[in-house]
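Novice: Have a peek at final32.pdb (PDB, C-alpha atoms and all ligand atoms).
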MODEL        1
ATOM      1  CA  MET K  13     147.773 -22.949  73.638  1.00  0.00           C
ATOM      2  CA  ALA K  14     143.999 -23.265  73.207  1.00  0.00           C
ATOM      3  CA  LEU K  15     141.922 -23.125  76.354  1.00  0.00           C
ATOM      4  CA  GLU K  16     141.588 -26.527  78.039  1.00  0.00           C
ATOM      5  CA  ILE K  17     138.040 -27.247  79.131  1.00  0.00           C
ATOM      6  CA  LYS K  18     137.456 -29.808  81.851  1.00  0.00           C
ATOM      7  CA  ILE K  19     134.030 -31.134  82.763  1.00  0.00           C
ATOM      8  CA  CYS K  20     134.298 -32.776  86.167  1.00  0.00           C
ATOM      9  CA  GLY K  21     132.148 -35.225  88.082  1.00  0.00           C
ATOM     10  CA  LEU K  22     130.897 -37.262  85.129  1.00  0.00           C
ATOM     11  CA  SER K  23     129.296 -40.509  86.214  1.00  0.00           C
ATOM     12  CA  THR K  24     127.109 -41.836  83.385  1.00  0.00           C
ATOM     13  CA  PRO K  25     127.773 -42.797  79.738  1.00  0.00           C
ATOM     14  CA  GLU K  26     125.159 -40.267  78.566  1.00  0.00           C
ATOM     15  CA  THR K  27     126.692 -37.269  80.284  1.00  0.00           C
ATOM     16  CA  LEU K  28     130.218 -38.391  79.410  1.00  0.00           C
ATOM     17  CA  GLU K  29     129.144 -38.461  75.743  1.00  0.00           C
ATOM     18  CA  ALA K  30     127.609 -35.016  76.169  1.00  0.00           C
ATOM     19  CA  ALA K  31     130.958 -33.666  77.398  1.00  0.00           C
ATOM     20  CA  LEU K  32     132.932 -35.405  74.660  1.00  0.00           C
ATOM     21  CA  GLY K  33     130.449 -34.339  71.974  1.00  0.00           C
ATOM     22  CA  ALA K  34     130.603 -30.739  73.150  1.00  0.00           C
ATOM     23  CA  GLY K  35     134.379 -30.778  72.737  1.00  0.00           C
ATOM     24  CA  ALA K  36     135.676 -31.031  76.304  1.00  0.00           C
ATOM     25  CA  ASP K  37     139.429 -31.557  76.489  1.00  0.00           C
ATOM     26  CA  MET K  38     139.349 -33.240  79.888  1.00  0.00           C
ATOM     27  CA  VAL K  39     136.727 -35.376  81.577  1.00  0.00           C
ATOM     28  CA  GLY K  40     136.901 -35.775  85.330  1.00  0.00           C
ATOM     29  CA  MET K  41     135.722 -38.580  87.570  1.00  0.00           C
ATOM     30  CA  VAL K  42     135.404 -38.113  91.312  1.00  0.00           C
ATOM     31  CA  PHE K  43     136.702 -40.776  93.699  1.00  0.00           C
ATOM     32  CA  PHE K  44     135.483 -39.358  96.998  1.00  0.00           C
ATOM     33  CA  PRO K  45     132.597 -41.242  98.637  1.00  0.00           C
ATOM     34  CA  PRO K  46     130.947 -38.204 100.333  1.00  0.00           C
ATOM     35  CA  SER K  47     130.470 -36.576  96.917  1.00  0.00           C
ATOM     36  CA  PRO K  48     127.204 -37.053  94.983  1.00  0.00           C
ATOM     37  CA  ARG K  49     129.508 -37.488  91.953  1.00  0.00           C
ATOM     38  CA  HIS K  50     131.522 -40.366  93.403  1.00  0.00           C
ATOM     39  CA  VAL K  51     132.013 -43.298  91.029  1.00  0.00           C
ATOM     40  CA  ASP K  52     133.035 -46.829  91.927  1.00  0.00           C
ATOM     41  CA  LEU K  53     135.960 -48.442  90.139  1.00  0.00           C
ATOM     42  CA  ALA K  54     133.876 -50.605  87.822  1.00  0.00           C
ATOM     43  CA  THR K  55     131.819 -47.635  86.603  1.00  0.00           C
ATOM     44  CA  ALA K  56     134.949 -45.532  86.220  1.00  0.00           C
ATOM     45  CA  GLN K  57     136.666 -48.228  84.192  1.00  0.00           C
ATOM     46  CA  THR K  58     133.726 -48.406  81.773  1.00  0.00           C
ATOM     47  CA  LEU K  59     133.589 -44.620  81.404  1.00  0.00           C
ATOM     48  CA  ALA K  60     137.347 -44.386  80.910  1.00  0.00           C
ATOM     49  CA  ALA K  61     137.270 -46.972  78.122  1.00  0.00           C
ATOM     50  CA  ARG K  62     134.693 -44.840  76.331  1.00  0.00           C
ATOM     51  CA  ALA K  63     136.670 -41.602  76.798  1.00  0.00           C
ATOM     52  CA  ARG K  64     140.198 -42.801  76.098  1.00  0.00           C
ATOM     53  CA  GLY K  65     141.765 -41.102  73.087  1.00  0.00           C
ATOM     54  CA  ARG K  66     138.868 -38.631  72.830  1.00  0.00           C
ATOM     55  CA  ALA K  67     139.709 -36.462  75.847  1.00  0.00           C
ATOM     56  CA  ARG K  68     142.153 -36.622  78.714  1.00  0.00           C
ATOM     57  CA  ILE K  69     140.887 -38.628  81.658  1.00  0.00           C
ATOM     58  CA  VAL K  70     141.249 -37.003  85.057  1.00  0.00           C
ATOM     59  CA  ALA K  71     140.890 -38.937  88.331  1.00  0.00           C
ATOM     60  CA  LEU K  72     140.010 -36.671  91.250  1.00  0.00           C
ATOM     61  CA  THR K  73     140.950 -37.801  94.752  1.00  0.00           C
ATOM     62  CA  VAL K  74     141.068 -36.149  98.171  1.00  0.00           C
ATOM     63  CA  ASP K  75     143.996 -37.149 100.393  1.00  0.00           C
ATOM     64  CA  ALA K  76     143.783 -40.689  99.046  1.00  0.00           C
ATOM     65  CA  ASP K  77     146.262 -43.255 100.369  1.00  0.00           C
ATOM     66  CA  ASP K  78     148.626 -45.138  98.084  1.00  0.00           C
ATOM     67  CA  ALA K  79     146.525 -48.312  97.966  1.00  0.00           C
ATOM     68  CA  THR K  80     143.442 -46.365  96.863  1.00  0.00           C
ATOM     69  CA  LEU K  81     145.425 -44.482  94.245  1.00  0.00           C
ATOM     70  CA  ALA K  82     147.010 -47.701  92.987  1.00  0.00           C
ATOM     71  CA  ALA K  83     143.563 -49.247  92.493  1.00  0.00           C
ATOM     72  CA  ILE K  84     142.300 -46.152  90.643  1.00  0.00           C
ATOM     73  CA  VAL K  85     145.360 -45.950  88.407  1.00  0.00           C
ATOM     74  CA  ALA K  86     145.141 -49.664  87.571  1.00  0.00           C
ATOM     75  CA  ALA K  87     141.425 -49.539  86.730  1.00  0.00           C
ATOM     76  CA  VAL K  88     141.174 -46.171  85.010  1.00  0.00           C
ATOM     77  CA  ARG K  89     144.664 -45.438  83.624  1.00  0.00           C
ATOM     78  CA  PRO K  90     144.095 -41.680  84.028  1.00  0.00           C
ATOM     79  CA  ASP K  91     146.033 -39.075  82.070  1.00  0.00           C
ATOM     80  CA  LEU K  92     146.079 -36.795  85.087  1.00  0.00           C
ATOM     81  CA  LEU K  93     145.619 -37.231  88.838  1.00  0.00           C
ATOM     82  CA  GLN K  94     143.756 -34.313  90.406  1.00  0.00           C
ATOM     83  CA  LEU K  95     144.712 -33.922  94.064  1.00  0.00           C
ATOM     84  CA  HIS K  96     141.990 -31.959  95.828  1.00  0.00           C
ATOM     85  CA  GLY K  97     142.955 -32.416  99.465  1.00  0.00           C
ATOM     86  CA  THR K  98     145.783 -31.270 101.694  1.00  0.00           C
ATOM     87  CA  GLU K  99     148.507 -33.161  99.805  1.00  0.00           C
ATOM     88  CA  SER K 100     151.917 -31.558 100.425  1.00  0.00           C
ATOM     89  CA  PRO K 101     154.305 -30.444  97.666  1.00  0.00           C
ATOM     90  CA  GLU K 102     156.561 -33.375  98.648  1.00  0.00           C
ATOM     91  CA  ARG K 103     153.678 -35.833  98.303  1.00  0.00           C
ATOM     92  CA  LEU K 104     153.149 -34.651  94.723  1.00  0.00           C
ATOM     93  CA  ALA K 105     156.673 -35.663  93.763  1.00  0.00           C
ATOM     94  CA  ILE K 106     156.270 -39.040  95.471  1.00  0.00           C
ATOM     95  CA  LEU K 107     152.983 -39.781  93.702  1.00  0.00           C
ATOM     96  CA  ARG K 108     154.274 -38.689  90.317  1.00  0.00           C
ATOM     97  CA  ALA K 109     157.284 -40.979  90.671  1.00  0.00           C
ATOM     98  CA  ARG K 110     155.275 -43.906  92.094  1.00  0.00           C
ATOM     99  CA  PHE K 111     152.449 -43.923  89.572  1.00  0.00           C
ATOM    100  CA  GLY K 112     154.049 -42.252  86.549  1.00  0.00           C
ATOM    101  CA  VAL K 113     150.975 -40.055  86.074  1.00  0.00           C
ATOM    102  CA  PRO K 114     151.108 -36.235  85.865  1.00  0.00           C
ATOM    103  CA  VAL K 115     149.450 -34.442  88.770  1.00  0.00           C
ATOM    104  CA  MET K 116     147.194 -31.405  89.041  1.00  0.00           C
ATOM    105  CA  LYS K 117     147.060 -29.788  92.482  1.00  0.00           C
ATOM    106  CA  ALA K 118     143.936 -27.915  93.512  1.00  0.00           C
ATOM    107  CA  VAL K 119     144.444 -24.968  95.849  1.00  0.00           C
ATOM    108  CA  GLY K 120     141.639 -22.973  97.452  1.00  0.00           C
ATOM    109  CA  ILE K 121     141.913 -19.221  97.052  1.00  0.00           C
ATOM    110  CA  ALA K 122     140.152 -16.788  99.374  1.00  0.00           C
ATOM    111  CA  MET K 123     142.775 -14.190 100.315  1.00  0.00           C
ATOM    112  CA  PRO K 124     146.193 -12.962  99.119  1.00  0.00           C
ATOM    113  CA  ALA K 125     148.021 -15.279 101.579  1.00  0.00           C
ATOM    114  CA  ASP K 126     146.633 -18.268  99.678  1.00  0.00           C
ATOM    115  CA  LEU K 127     148.813 -17.274  96.753  1.00  0.00           C
ATOM    116  CA  ASP K 128     151.884 -18.016  98.904  1.00  0.00           C
ATOM    117  CA  ARG K 129     150.533 -21.515  99.565  1.00  0.00           C
ATOM    118  CA  LEU K 130     149.922 -21.894  95.860  1.00  0.00           C
ATOM    119  CA  ALA K 131     153.517 -20.863  95.096  1.00  0.00           C
ATOM    120  CA  ALA K 132     154.795 -23.904  96.997  1.00  0.00           C
ATOM    121  CA  TYR K 133     153.180 -26.143  94.365  1.00  0.00           C
ATOM    122  CA  ASP K 134     154.094 -24.062  91.328  1.00  0.00           C
ATOM    123  CA  GLY K 135     156.818 -25.915  89.457  1.00  0.00           C
ATOM    124  CA  ARG K 136     156.062 -29.174  91.313  1.00  0.00           C
ATOM    125  CA  ALA K 137     152.617 -29.834  89.880  1.00  0.00           C
ATOM    126  CA  ASP K 138     152.092 -30.439  86.175  1.00  0.00           C
ATOM    127  CA  ARG K 139     149.027 -28.237  86.433  1.00  0.00           C
ATOM    128  CA  LEU K 140     147.485 -26.029  89.058  1.00  0.00           C
ATOM    129  CA  LEU K 141     143.778 -25.756  89.702  1.00  0.00           C
ATOM    130  CA  LEU K 142     142.735 -22.517  91.384  1.00  0.00           C
ATOM    131  CA  ASP K 143     139.464 -23.201  93.141  1.00  0.00           C
ATOM    132  CA  ALA K 144     137.282 -21.498  95.739  1.00  0.00           C
ATOM    133  CA  LYS K 145     137.632 -22.543  99.367  1.00  0.00           C
ATOM    134  CA  PRO K 146     134.638 -24.551 100.606  1.00  0.00           C
ATOM    135  CA  PRO K 147     131.973 -22.605 102.485  1.00  0.00           C
ATOM    136  CA  LYS K 148     131.933 -23.091 106.288  1.00  0.00           C
ATOM    137  CA  GLY K 149     130.482 -26.485 107.185  1.00  0.00           C
ATOM    138  CA  ALA K 150     130.677 -27.856 103.626  1.00  0.00           C
ATOM    139  CA  VAL K 151     131.172 -31.617 103.332  1.00  0.00           C
ATOM    140  CA  LEU K 152     133.175 -31.360 100.126  1.00  0.00           C
ATOM    141  CA  PRO K 153     136.499 -29.549  99.650  1.00  0.00           C
ATOM    142  CA  GLY K 154     135.379 -28.665  96.098  1.00  0.00           C
ATOM    143  CA  GLY K 155     132.394 -29.025  93.818  1.00  0.00           C
ATOM    144  CA  ASN K 156     130.384 -26.543  95.877  1.00  0.00           C
ATOM    145  CA  GLY K 157     129.476 -24.183  93.056  1.00  0.00           C
ATOM    146  CA  VAL K 158     130.949 -21.094  94.722  1.00  0.00           C
ATOM    147  CA  PRO K 159     133.349 -18.729  92.976  1.00  0.00           C
ATOM    148  CA  PHE K 160     136.213 -16.829  94.575  1.00  0.00           C
ATOM    149  CA  ASP K 161     137.237 -13.247  93.949  1.00  0.00           C
ATOM    150  CA  TRP K 162     138.966 -13.517  90.568  1.00  0.00           C
ATOM    151  CA  ASN K 163     140.655 -10.134  91.131  1.00  0.00           C
ATOM    152  CA  LEU K 164     142.965 -11.902  93.599  1.00  0.00           C
ATOM    153  CA  ILE K 165     144.685 -13.621  90.671  1.00  0.00           C
ATOM    154  CA  ALA K 166     144.061 -11.223  87.784  1.00  0.00           C
ATOM    155  CA  GLY K 167     147.315 -10.504  85.992  1.00  0.00           C
ATOM    156  CA  ARG K 168     149.238 -13.222  87.878  1.00  0.00           C
ATOM    157  CA  ALA K 169     151.482 -15.620  85.975  1.00  0.00           C
ATOM    158  CA  PHE K 170     152.412 -19.113  87.098  1.00  0.00           C
ATOM    159  CA  ALA K 171     155.177 -21.475  85.994  1.00  0.00           C
ATOM    160  CA  ALA K 172     152.731 -24.338  85.548  1.00  0.00           C
ATOM    161  CA  PRO K 173     149.676 -24.165  83.302  1.00  0.00           C
ATOM    162  CA  PHE K 174     146.661 -23.361  85.457  1.00  0.00           C
ATOM    163  CA  LEU K 175     142.960 -24.076  85.339  1.00  0.00           C
ATOM    164  CA  LEU K 176     140.375 -21.799  86.907  1.00  0.00           C
ATOM    165  CA  GLY K 177     137.557 -23.494  88.814  1.00  0.00           C
ATOM    166  CA  GLY K 178     134.965 -22.781  91.460  1.00  0.00           C
ATOM    167  CA  GLY K 179     131.443 -21.674  90.707  1.00  0.00           C
ATOM    168  CA  LEU K 180     131.866 -21.415  86.956  1.00  0.00           C
ATOM    169  CA  ASP K 181     128.784 -21.865  84.784  1.00  0.00           C
ATOM    170  CA  PRO K 182     127.671 -21.100  81.219  1.00  0.00           C
ATOM    171  CA  ALA K 183     126.771 -17.516  82.175  1.00  0.00           C
ATOM    172  CA  ASN K 184     130.008 -16.463  83.887  1.00  0.00           C
ATOM    173  CA  VAL K 185     132.746 -18.511  82.212  1.00  0.00           C
ATOM    174  CA  GLY K 186     133.183 -15.991  79.379  1.00  0.00           C
ATOM    175  CA  ALA K 187     133.880 -13.143  81.801  1.00  0.00           C
ATOM    176  CA  ALA K 188     136.276 -15.357  83.751  1.00  0.00           C
ATOM    177  CA  VAL K 189     138.232 -16.278  80.630  1.00  0.00           C
ATOM    178  CA  ARG K 190     138.433 -12.660  79.486  1.00  0.00           C
ATOM    179  CA  LEU K 191     139.606 -11.369  82.879  1.00  0.00           C
ATOM    180  CA  ILE K 192     141.963 -14.143  83.983  1.00  0.00           C
ATOM    181  CA  ARG K 193     143.087 -15.680  80.680  1.00  0.00           C
ATOM    182  CA  PRO K 194     143.657 -19.076  82.344  1.00  0.00           C
ATOM    183  CA  ASP K 195     145.140 -22.046  80.507  1.00  0.00           C
ATOM    184  CA  GLY K 196     141.962 -23.932  81.261  1.00  0.00           C
ATOM    185  CA  VAL K 197     138.612 -23.902  83.031  1.00  0.00           C
ATOM    186  CA  ASP K 198     137.042 -26.585  85.192  1.00  0.00           C
ATOM    187  CA  VAL K 199     133.375 -26.966  86.070  1.00  0.00           C
ATOM    188  CA  SER K 200     131.247 -29.390  88.002  1.00  0.00           C
ATOM    189  CA  SER K 201     128.065 -28.130  89.665  1.00  0.00           C
ATOM    190  CA  GLY K 202     127.576 -25.273  87.186  1.00  0.00           C
ATOM    191  CA  VAL K 203     126.618 -27.798  84.496  1.00  0.00           C
ATOM    192  CA  GLU K 204     124.210 -29.779  86.680  1.00  0.00           C
ATOM    193  CA  ARG K 205     120.420 -29.702  87.145  1.00  0.00           C
ATOM    194  CA  ALA K 206     120.749 -31.145  90.670  1.00  0.00           C
ATOM    195  CA  PRO K 207     123.766 -32.194  92.783  1.00  0.00           C
ATOM    196  CA  GLY K 208     125.535 -34.974  90.876  1.00  0.00           C
ATOM    197  CA  ILE K 209     123.118 -34.879  87.903  1.00  0.00           C
ATOM    198  CA  LYS K 210     124.820 -33.385  84.866  1.00  0.00           C
ATOM    199  CA  ASP K 211     122.751 -31.540  82.265  1.00  0.00           C
ATOM    200  CA  PRO K 212     123.867 -32.109  78.635  1.00  0.00           C
ATOM    201  CA  ASP K 213     122.474 -28.736  77.505  1.00  0.00           C
ATOM    202  CA  ARG K 214     124.388 -26.889  80.218  1.00  0.00           C
ATOM    203  CA  ILE K 215     127.566 -28.806  79.345  1.00  0.00           C
ATOM    204  CA  ALA K 216     127.234 -27.769  75.687  1.00  0.00           C
ATOM    205  CA  ALA K 217     126.457 -24.154  76.647  1.00  0.00           C
ATOM    206  CA  PHE K 218     129.474 -24.036  78.961  1.00  0.00           C
ATOM    207  CA  VAL K 219     131.881 -25.312  76.304  1.00  0.00           C
ATOM    208  CA  ARG K 220     130.448 -22.895  73.712  1.00  0.00           C
ATOM    209  CA  ALA K 221     130.758 -19.892  76.008  1.00  0.00           C
ATOM    210  CA  ALA K 222     134.292 -20.764  77.111  1.00  0.00           C
ATOM    211  CA  ARG K 223     135.484 -21.339  73.529  1.00  0.00           C
ATOM    212  CA  ALA K 224     133.876 -18.133  72.271  1.00  0.00           C
ATOM    213  CA  ALA K 225     135.561 -16.064  74.976  1.00  0.00           C
ATOM    214  CA  ASP K 226     138.917 -17.728  74.333  1.00  0.00           C
ATOM    215  CA  THR K 227     138.663 -17.164  70.586  1.00  0.00           C
ATOM    216  CA  ALA K 228     137.752 -13.495  71.085  1.00  0.00           C
ATOM    217  CA  ALA K 229     140.567 -12.995  73.606  1.00  0.00           C
ATOM    218  CA  THR K 230     143.214 -14.507  71.343  1.00  0.00           C
ATOM    219  CA  ALA K 231     142.029 -13.016  68.010  1.00  0.00           C
ATOM    220  CA  PRO K 232     144.534 -10.551  66.537  1.00  0.00           C
ATOM    221  CA  ALA K 233     143.484  -6.914  66.929  1.00  0.00           C
ATOM    222  CA  ARG K 234     142.046  -5.356  63.774  1.00  0.00           C
ATOM    223  CA  PRO K 235     144.573  -2.996  62.109  1.00  0.00           C
ATOM    224  CA  ALA K 236     143.940   0.709  62.677  1.00  0.00           C
ATOM    225  CA  ASP K 237     141.887   2.395  59.943  1.00  0.00           C
ATOM    226  CA  THR K 238     144.418   4.347  57.813  1.00  0.00           C
ATOM    227  CA  SER K 239     142.014   5.459  55.081  1.00  0.00           C
ATOM    228  CA  PRO K 240     141.682   9.261  54.513  1.00  0.00           C
ATOM    229  CA  ALA K 241     139.188  10.933  56.813  1.00  0.00           C
ATOM    230  CA  ARG K 242     135.735  11.033  55.291  1.00  0.00           C
ATOM    231  CA  GLU K 243     134.228  14.426  54.479  1.00  0.00           C
ATOM    232  CA  THR K 244     131.846  15.270  57.259  1.00  0.00           C
ATOM    233  CA  SER K 245     131.117  18.907  56.412  1.00  0.00           C
ATOM    234  CA  LEU K 246     127.796  19.626  54.711  1.00  0.00           C
ATOM    235  CA  SER K 247     129.217  22.540  52.679  1.00  0.00           C
TER
HETATM  236  O1  LIG K 301     132.881 -32.277  92.307  1.00  0.00           O
HETATM  237  C1  LIG K 301     133.033 -32.811  93.416  1.00  0.00           C
HETATM  238  O2  LIG K 301     132.148 -33.499  93.932  1.00  0.00           O
HETATM  239  C2  LIG K 301     134.308 -32.618  94.164  1.00  0.00           C
HETATM  240  C3  LIG K 301     134.499 -33.319  95.337  1.00  0.00           C
HETATM  241  C4  LIG K 301     135.653 -33.176  96.063  1.00  0.00           C
HETATM  242  C5  LIG K 301     136.645 -32.304  95.630  1.00  0.00           C
HETATM  243  C6  LIG K 301     136.467 -31.576  94.459  1.00  0.00           C
HETATM  244  C7  LIG K 301     135.315 -31.715  93.706  1.00  0.00           C
HETATM  245  N1  LIG K 301     135.125 -31.021  92.527  1.00  0.00           N
HETATM  246  C8  LIG K 301     136.038 -30.064  91.969  1.00  0.00           C
HETATM  247  O3  LIG K 301     135.783 -28.796  92.533  1.00  0.00           O
HETATM  248  C9  LIG K 301     135.909 -27.782  91.555  1.00  0.00           C
HETATM  249  C10 LIG K 301     134.845 -26.756  91.657  1.00  0.00           C
HETATM  250  O4  LIG K 301     133.580 -27.317  91.464  1.00  0.00           O
HETATM  251  P1  LIG K 301     132.306 -26.441  91.090  1.00  0.00           P
HETATM  252  O5  LIG K 301     132.386 -26.176  89.614  1.00  0.00           O
HETATM  253  O6  LIG K 301     132.384 -25.193  91.894  1.00  0.00           O
HETATM  254  O7  LIG K 301     131.152 -27.275  91.439  1.00  0.00           O
HETATM  255  C11 LIG K 301     135.831 -28.444  90.208  1.00  0.00           C
HETATM  256  O8  LIG K 301     136.920 -27.901  89.573  1.00  0.00           O
HETATM  257  C12 LIG K 301     135.925 -29.918  90.471  1.00  0.00           C
HETATM  258  O9  LIG K 301     137.079 -30.421  89.862  1.00  0.00           O
ENDMDL
END
Represent the structure from my file as C-alpha cells, please.

Specialist:
Amino acid sequence: MALEIKICGLSTPETLEAALGAGADMVGMVFFPPSPRHVDLATAQTLAARARGRARIVALTVDADDATLAAIVAAVRPDLLQLHGTESPERLAILRARFGVPVMKAVGIAMPADLDRLAAYDGRADRLLLDAKPPKGAVLPGGNGVPFDWNLIAGRAFAAPFLLGGGLDPANVGAAVRLIRPDGVDVSSGVERAPGIKDPDRIAAFVRAARAADTAATAPARPADTSPARETSLS
C-alpha cells in the first residue's frame, strides 16, 4: 500500500487546493474551538464539497458529544472521523455503528507503557494515529508541532493501518518514513508559517519528501553484481 499522506488543519480554499494539488491522500479539518485551525460547519461544508472525490475528508474532534458529531457528519460527510481526545475503545464501536463512518484513534506516545494503551484500540479503530503527547500546559491535545521518540515504535507492527504524526515537517518526514515505515503520515503545524496559517510551499515540500522516502524504501533492491571481477593489477 502506498504511503497515505494527510494534511491536517486546512481552513481555506487556497490551502486546501495546495494540499490537493500536491497529492495529499487525506485532508483534515479541525472541529475544536480552542485550536487556531478550528473551522465552523459552514466553512467545513464548502471545503468538503471542493475536496470530495479528490482526497479523503477527515473530521477531527476531541471528546465531542453525539449531537456535535451528528452535526459534523451531516454537514461534511467525512470519510473518516479522527478522535483526538480520551475516547474509550468502547466509544469507538458506538460511534462507528451510530454514524457509519470509519474512525481513526489518535494516541499520544511518550513512554513504552503508552503502547499498552494503544493496544486497546488496535483492531477496534479503522486506523491508528501515533502522535506526541502535548507538552505540559498545552491547550491542544495535538497540533503542537512536537515529535516523540520514534525509537519507541520502530519495528512494531499493528493490526490496523497506522499513521505517524507529531512534529513532522518537510525536513524530517523522510527520516521518519525510512525508520518507521508507517502506513501514513500526518502533519499540521510543520506545514504552517504561523499557527493556523498553512504555507502552500511547505505543503508541497512535505508531500514531495514523504513520497520520495516511501518510493526509496519500497524500491526493489538492485541485484548483486555477478560480472567477473575487473583486473585491478597494473602488471
Ligand atoms: O491541529 C490541531 O489544531 C489539533 C487540535 C486538536 C487535536 C489535534 C490536532 N492536530 C493533530 O495533531 C497531530 C500533530 O500535529 P502537528 O503536526 O504536530 O502540529 C496532527 O496529526 C493533527 O492531526

Novice: Residues at most 7 Å from segment 66-76 of chain K, counting only C-alpha atoms, excluding those fewer than 2 positions away in the same chain, as a ChimeraX atom specification?

Specialist: /K:32,36-44,60,63-64,78,80-81,90-99

Novice: List all protein, DNA and RNA residues that have at least one atom no more than 9 Å from any atom of ligand LIG 301 (chain K), counting all atoms listed in the file, and write them as an NGL selection string.

Specialist: :K and (18-22 or 40-50 or 72-74 or 94-97 or 118 or 141-144 or 151-159 or 175-181 or 197-204 or 207-208)

Novice: Report the distance between atom CA of Ala30 of chain K and atom CA of Lys117 of chain K in Å, rounded to one decimal place.

Specialist: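 Separation between atom CA of Ala30 of chain K and atom CA of Lys117 of chain K: 25.9 Å.
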
Novice: If I take atom CA of Glu26 of chain K and atom CA of Arg89 of chain K, how far is one from the other in Å, to one decimal?

Specialist: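 Separation of atom CA of Glu26 of chain K and atom CA of Arg89 of chain K: 20.8 Å.
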
Novice: Can you tell me, as an mmCIF file with C-alpha atoms, in the coordinates of the input, what residues are no more than 8 Å from Arg220 of chain K when counting only C-alpha atoms, ignoring any on the same chain fewer than 4 positions away?

Specialist:
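Result written to around.cif:
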data_model
loop_
_atom_site.group_PDB
_atom_site.id
_atom_site.type_symbol
_atom_site.label_atom_id
_atom_site.label_comp_id
_atom_site.auth_asym_id
_atom_site.auth_seq_id
_atom_site.Cartn_x
_atom_site.Cartn_y
_atom_site.Cartn_z
ATOM 1 C CA ALA K 34 130.603 -30.739 73.150
ATOM 2 C CA ALA K 216 127.234 -27.769 75.687
ATOM 3 C CA ALA K 224 133.876 -18.133 72.271
#
